[in-house]
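Here is upload.txt, consisting of compact mmCIF, C-alpha atoms:
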```txt
# COMPACT_ATOMS: atom_id res chain seq x y z
CA MET A 1 100.34 97.58 113.92
CA MET A 2 98.68 98.00 117.31
CA HIS A 3 98.95 94.32 118.17
CA VAL A 4 102.73 94.49 117.79
CA PHE A 5 102.72 97.61 120.00
CA TRP A 6 100.76 95.73 122.67
CA LEU A 7 103.11 92.73 122.52
CA VAL A 8 106.14 95.03 122.79
CA TYR A 9 104.54 96.65 125.83
CA LEU A 10 104.17 93.22 127.45
CA ALA A 11 107.79 92.40 126.65
CA CYS A 12 108.93 95.72 128.14
CA ARG A 13 107.14 94.83 131.36
CA TYR A 14 108.88 91.45 131.32
CA TYR A 15 112.29 93.10 130.79
CA LYS A 16 111.70 96.12 133.04
CA GLU A 17 114.90 95.43 134.97
CA GLU A 18 117.07 95.07 131.83
CA LEU A 19 115.75 98.03 129.84
CA THR A 20 116.06 101.70 130.70
CA LYS A 21 113.04 103.99 130.52
CA ARG A 22 114.54 105.55 127.40
CA GLU A 23 115.02 102.15 125.73
CA ILE A 24 111.40 101.27 126.54
CA ARG A 25 110.15 104.55 125.09
CA ASN A 26 112.24 104.11 121.94
CA LEU A 27 110.99 100.56 121.56
CA LEU A 28 107.34 101.54 121.96
CA ILE A 29 107.73 104.35 119.43
CA ALA A 30 109.38 101.96 116.98
CA ALA A 31 106.57 99.44 117.52
CA ILE A 32 103.94 102.02 116.64
CA PHE A 33 105.78 103.17 113.52
CA HIS A 34 107.22 99.88 112.24
CA ASP A 35 104.27 99.36 109.84
CA ALA A 36 103.07 102.97 109.63
CA ASP A 37 101.66 103.93 106.23
CA HIS A 38 102.06 100.34 105.06
CA SER A 39 100.68 99.92 101.56
CA GLY A 40 98.91 96.68 102.39
CA LYS A 41 100.56 95.06 99.40
CA ALA A 42 103.28 92.45 99.10
CA GLY A 43 106.61 93.31 97.57
CA ASP A 44 109.94 94.78 98.47
CA ASP A 45 109.74 95.30 102.24
CA SER A 46 112.42 97.99 102.07
CA LYS A 47 109.80 100.23 100.41
CA GLN A 48 107.46 99.66 103.36
CA ILE A 49 110.28 100.51 105.76
CA GLU A 50 110.93 103.74 103.84
CA ARG A 51 107.26 104.68 104.29
CA ALA A 52 107.45 103.87 108.01
CA LEU A 53 110.59 105.97 108.42
CA LYS A 54 108.95 108.89 106.63
CA ALA A 55 105.97 108.63 108.99
CA LEU A 56 108.40 108.56 111.92
CA ASP A 57 110.21 111.66 110.61
CA ASN A 58 106.93 113.53 110.18
CA ASN A 59 105.51 112.62 113.59
CA LEU A 60 108.35 112.14 116.05
CA HIS A 61 107.92 114.34 119.11
CA PRO A 62 110.72 116.88 119.63
CA VAL A 63 111.63 115.31 122.98
CA ASP A 64 112.42 112.08 121.10
CA ARG A 65 114.47 113.67 118.28
CA PRO A 66 117.84 112.96 119.98
CA CYS A 67 116.97 109.24 119.80
CA HIS A 68 115.82 109.34 116.17
CA LYS A 69 118.65 107.18 114.82
CA GLU A 70 118.13 104.40 117.38
CA ILE A 71 114.36 104.37 116.78
CA GLU A 72 115.02 104.29 113.04
CA ARG A 73 117.43 101.36 113.45
CA LEU A 74 114.80 99.48 115.46
CA ILE A 75 112.28 99.96 112.65
CA VAL A 76 114.81 98.93 109.98
CA SER A 77 115.52 95.75 111.94
CA THR A 78 111.95 94.56 111.21
CA GLN A 79 112.53 94.53 107.45
CA TYR A 80 112.00 91.04 106.07
CA PRO A 81 114.08 89.30 105.04
CA HIS A 82 116.21 90.81 107.79
CA CYS A 83 118.88 93.16 106.51
CA ILE A 84 120.48 93.49 109.95
CA ASP A 85 121.96 90.25 111.27
CA PHE A 86 120.44 89.08 114.55
CA ARG A 87 123.91 89.03 116.14
CA ASP A 88 124.30 92.77 115.49
CA VAL A 89 121.21 93.90 117.38
CA THR A 90 120.25 94.66 120.96
CA LEU A 91 117.60 93.16 123.21
CA SER A 92 115.25 95.92 122.01
CA HIS A 93 115.65 94.83 118.38
CA HIS A 94 114.98 91.21 119.33
CA ILE A 95 111.86 92.22 121.26
CA LEU A 96 110.44 94.13 118.29
CA ARG A 97 111.23 91.34 115.83
CA ASP A 98 109.79 88.69 118.14
CA ALA A 99 106.60 90.71 118.73
CA ASP A 100 106.18 91.15 114.98
CA MET A 101 106.57 87.40 114.38
CA ALA A 102 104.58 86.30 117.45
CA GLN A 103 101.30 87.37 115.91
CA GLY A 104 101.38 84.04 114.10
CA LEU A 105 101.09 82.17 117.39
CA ASP A 106 98.96 84.59 119.41
CA ASP A 107 95.18 84.32 119.71
CA VAL A 108 94.79 86.76 116.81
CA TRP A 109 96.74 84.58 114.38
CA LEU A 110 93.82 83.63 112.14
CA GLN A 111 92.77 87.22 111.47
CA GLN A 112 96.25 88.77 111.50
CA ILE A 113 98.10 86.15 109.46
CA ILE A 114 95.68 84.12 107.39
CA PHE A 115 93.41 86.98 106.39
CA GLY A 116 95.41 90.18 107.02
CA LEU A 117 98.87 89.15 105.87
CA GLY A 118 97.30 86.85 103.28
CA LYS A 119 95.47 89.79 101.71
CA GLU A 120 98.66 91.82 101.74
CA MET A 121 100.60 89.03 100.05
CA GLU A 122 97.68 88.34 97.68
CA TRP A 123 97.51 84.73 98.86
CA ARG A 124 94.24 82.93 99.36
CA PRO A 125 93.48 81.78 102.93
CA LEU A 126 94.01 78.14 101.98
CA SER A 127 97.52 78.91 100.70
CA MET A 128 98.29 80.89 103.84
CA LEU A 129 97.13 77.97 105.99
CA ARG A 130 99.34 75.55 104.07
CA ASN A 131 102.27 77.95 104.46
CA GLN A 132 101.85 77.84 108.25
CA LEU A 133 102.84 74.16 108.22
CA GLU A 134 106.36 75.30 107.30
CA PHE A 135 106.48 78.65 109.06
CA ILE A 136 105.33 77.64 112.55
CA PRO A 137 107.87 74.86 113.19
CA THR A 138 110.77 76.94 111.87
CA SER A 139 109.97 80.19 113.67
CA ILE A 140 112.72 81.07 116.11
CA PHE A 141 112.33 83.55 118.93
CA ARG A 142 115.39 85.42 120.13
CA THR A 143 114.00 86.49 123.51
CA SER A 144 113.13 84.38 126.52
CA TRP A 145 109.93 86.45 126.83
CA ALA A 146 108.62 85.38 123.41
CA GLU A 147 109.72 81.79 123.79
CA LYS A 148 108.07 81.57 127.21
CA LYS A 149 104.85 83.25 126.04
CA PHE A 150 104.50 81.78 122.54
CA GLY A 151 106.94 78.89 122.08
CA GLY A 152 104.59 76.38 123.67
CA LEU A 153 101.80 77.37 121.28
CA ARG A 154 103.51 75.97 118.18
CA LYS A 155 101.99 72.50 118.59
CA LYS A 156 98.52 73.90 119.30
CA ARG A 157 98.61 76.20 116.25
CA LEU A 158 99.85 73.39 114.01
CA GLU A 159 96.96 71.22 115.20
CA GLU A 160 94.54 74.07 114.44
CA VAL A 161 96.05 74.56 110.99
CA ARG A 162 95.81 70.84 110.23
CA GLY A 163 92.21 70.83 111.43
CA TYR A 164 91.24 73.78 109.23
CA LEU A 165 93.02 72.23 106.26
CA ALA A 166 91.26 68.89 106.81
CA CYS A 167 87.88 70.63 106.79
CA LEU A 168 88.65 72.86 103.84
CA GLU A 169 90.26 70.17 101.73
CA GLY A 170 87.52 67.64 102.48
CA HIS A 171 89.48 65.23 104.66
CA PRO A 172 87.80 63.76 107.74
```

Translate the structure described by the file into structure tokens.
Amino acid sequence: MMHVFWLVYLACRYYKEELTKREIRNLLIAAIFHDADHSGKAGDDSKQIERALKALDNNLHPVDRPCHKEIERLIVSTQYPHCIDFRDVTLSHHILRDADMAQGLDDVWLQQIIFGLGKEMEWRPLSMLRNQLEFIPTSIFRTSWAEKKFGGLRKKRLEEVRGYLACLEGHP
């Protein structure tokens, strides 16, 4: 949850001329709450979103209440598979979605994806590693920030995955 918040912060700095202060605040709030009270289990992501929205409702500062619906829509846009088409969202939605997905290419990918998400999905690390062979090449970023920061890491991560798999599966 905090890694996505940090990535969103970096994206907000990148887009500081395109985003208003209010949009940045809404986006940072949505980033903090997008996985709030997550069960840590795989399943229907809409249930996780409901838990996040309840946490938002219970903790949103009064000064931010007038923006509740937009913050809520940002959080809902992270539901996977996406229930809001990418063509129907703003730059803020794309930033949050890209930050959520970018963990798989960032330096924290092994812990966040292979072990963290793997535990949530109840997949063994070896299965998660194999899954990255499909996920990494097909991941699409919708912002120039994410593509610039993470797009060039696809090849490196794929090489790492192949290396880990070779070691774990007994191939030289």

Please tell me which residues are no farther than 8 Å from (111.7, 108.2, 114.4) in the file, counting only C-alpha atoms, and write them as a PyMOL selection string. chain A and resi 29-30+33+53+55-57+59-60+64-65+67-69+71-72

List every protein, DNA or RNA residue that has at least one atom no more than 7 Å from (105.0, 93.6, 116.9) in the file's coordinates, counting only C-alpha atoms, and write the result as a PyMOL selection string. chain A and resi 1+3-5+7-8+31+96-101

May I have the selected residues written with C-alpha atoms, as an mmCIF file, keeping the file's coordinate frame?
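Everything below was put into out-v4.cif:
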```cif
data_model
loop_
_atom_site.group_PDB
_atom_site.id
_atom_site.type_symbol
_atom_site.label_atom_id
_atom_site.label_comp_id
_atom_site.auth_asym_id
_atom_site.auth_seq_id
_atom_site.Cartn_x
_atom_site.Cartn_y
_atom_site.Cartn_z
ATOM 1 C CA MET A 1 100.340 97.580 113.920
ATOM 2 C CA HIS A 3 98.950 94.320 118.170
ATOM 3 C CA VAL A 4 102.730 94.490 117.790
ATOM 4 C CA PHE A 5 102.720 97.610 120.000
ATOM 5 C CA LEU A 7 103.110 92.730 122.520
ATOM 6 C CA VAL A 8 106.140 95.030 122.790
ATOM 7 C CA ALA A 31 106.570 99.440 117.520
ATOM 8 C CA LEU A 96 110.440 94.130 118.290
ATOM 9 C CA ARG A 97 111.230 91.340 115.830
ATOM 10 C CA ASP A 98 109.790 88.690 118.140
ATOM 11 C CA ALA A 99 106.600 90.710 118.730
ATOM 12 C CA ASP A 100 106.180 91.150 114.980
ATOM 13 C CA MET A 101 106.570 87.400 114.380
#
```

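The space separating atom CA of Lys47 of chain A from atom CA of Ile75 of chain A comes to 12.5 Å.
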
Identify which of the residues A:Pro81, A:Val76, A:Ser127, A:His93 lies closest to Phe115 of chain A, counting all atoms listed in the file when measuring atom-to-atom distances.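 That would be A:Ser127, the residue with the smallest distance to Phe115 of chain A.
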
So, counting all atoms listed in the file, which residue among A:Ile84, A:Leu27, A:Leu91, A:Ile136 is closest to Trp6 of chain A? A:Leu27

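Comparing the minimum interatomic distances between Leu165 of chain A and each of A:Thr20, A:Gly104, A:Gly118, A:Leu129, counting only C-alpha atoms, we find that A:Leu129 sits nearest.
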
How many Å lie between atom CA of Lys119 of chain A and atom CA of Glu159 of chain A, rounded to one decimal?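 Between these atoms lies a distance of 23.0 Å.
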
So that I can check the surroundings of Glu134 of chain A, please list as a list in words every protein, DNA and RNA residue that reaches within 12 Å of it, counting all atoms listed in the file and ignoring chain neighbours fewer than 6 positions away.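 Surrounding residues, per the criterion: Ser127, Met128, Arg154, Arg157, Leu158, Val161 and Arg162 of chain A.
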
Given the selection you just returned, output its residues as a file containing C-alpha atoms, formatted as a JSON list (two decimals), in the coordinates of the input.
```
[["chain", "number", "residue", "atom", "x", "y", "z"],
["A", 127, "SER", "CA", 97.52, 78.91, 100.70],
["A", 128, "MET", "CA", 98.29, 80.89, 103.84],
["A", 154, "ARG", "CA", 103.51, 75.97, 118.18],
["A", 157, "ARG", "CA", 98.61, 76.20, 116.25],
["A", 158, "LEU", "CA", 99.85, 73.39, 114.01],
["A", 161, "VAL", "CA", 96.05, 74.56, 110.99],
["A", 162, "ARG", "CA", 95.81, 70.84, 110.23]]
```
